[in-house]
Amino acid sequence: EEENALGNALTSFRRPNLLYLRAELADFWILVAEQSSWTIHSHYILYPNPYPKNKHVQRRWHAHPAFPVLLALGGRLVVRSNWPVYCEEMQASLASARPLYADPNTRITYMAMNESHGSPTTRFEIKYRRAGLPLFEVEALLGLRGPADRRKIVTP
């Protein structure tokens with residue numbers, strides 16, 4: 001019943017340039033980078049599992065082998081978490097990757113979110129706000145890249 005309500009809600013937000021898709025993200029990024037003609041304008045990584053143990057750091061998106069592919073896709077990247085270390089590490093990873101994958105004008109911001117930050121985006125955000133937990137966001141403007149530009153980065 002809950003999934004049906006979510007499906008109905010998503011239907012009301014249909015746009016010709018919007019695709020709701022459930023996929024294994026790393027494989028999807030690679031497929032888009034290598035095979036599609038899309039220009040990606042925005043990516044959202046919302047409340048990912050932070051894998052807090054040091055031995056699992058490679059499972060965090062900013063340490064994942066597919067992270068360079070995400071950066072090569074370009075666009076606006078927004079990452080939100082209730083775990084400040086996750087956002088701090090994401091910001092550091094984005095900053096260190098800037099010379100390789102980002103537009104020289106890339107802007108990376110990191111901030112604590114509050115009630116004035118707008119409406120909650122996910123159920124996690126609603127839950128964390130109700131509990132009074134701090135929420136954090138990293139945003140990076142990676143520049144728009146067309147298929148030919150990103151293929152040069154992904155497949156040198």
# chains A, B, ... in the order shown; residues from 1 in each chain; ligands from 1
$ residues_around --residues "A:Val79" --least-positions-apart "6" --cutoff "6 Å" --atoms "only C-alpha atoms" --output "list in words"
Tyr44, Ile45, Leu46, Glu137 and Val138 of chain A
$ write_last_selection --atoms "C-alpha atoms" --output "CSV table (one decimal), in the first residue's frame"
chain,number,residue,atom,x,y,z
A,44,TYR,CA,20.9,13.6,-5.7
A,45,ILE,CA,22.5,11.2,-3.2
A,46,LEU,CA,20.1,11.5,-0.3
A,137,GLU,CA,24.4,19.0,2.7
A,138,VAL,CA,27.2,19.1,0.1
$ closest_residue --among "A:Ala97, A:Ala66, A:Pro84, A:His43" --to "A:Leu31" --atoms "only C-alpha atoms"
A:Ala66
$ closest_residue --among "A:Ile40, A:Gly74, A:Val32, A:Lys53" --to "A:Leu18" --atoms "only C-alpha atoms"
A:Ile40
$ atom_distance --atom1 "atom CA of A:Ser37" --atom2 "atom CA of A:Leu77"
19.2 Å
$ residues_around --residues "A:Gly75" --least-positions-apart "4" --cutoff "9 Å" --atoms "only C-alpha atoms" --output "VMD selection string"
chain A and resid 39 to 43 71 140 to 145
$ atom_distance --atom1 "atom CA of A:Arg60" --atom2 "atom CA of A:Arg98"
18.5 Å
$ select_by_dssp --residues "stretch 21-130 of chain A" --states "alpha helix (DSSP H)" --output "JSON, numbers by chain"
{"A": [25, 26, 27, 28, 29, 30, 31, 32, 33, 34, 35, 67, 68, 69, 70, 71, 72, 73, 84, 85, 86, 87, 88, 89, 90, 91, 92, 93, 94, 95, 96, 97, 98, 99, 100, 101, 123, 124, 125, 126, 127, 128, 129, 130]}
$ closest_residue --among "A:Phe67, A:Trp83, A:Thr121, A:Gly132" --to "A:Pro48" --atoms "only C-alpha atoms"
A:Trp83
$ closest_residue --among "A:Met111, A:Ala23, A:Ala33, A:Ala95" --to "A:Gly146" --atoms "only C-alpha atoms"
A:Ala33
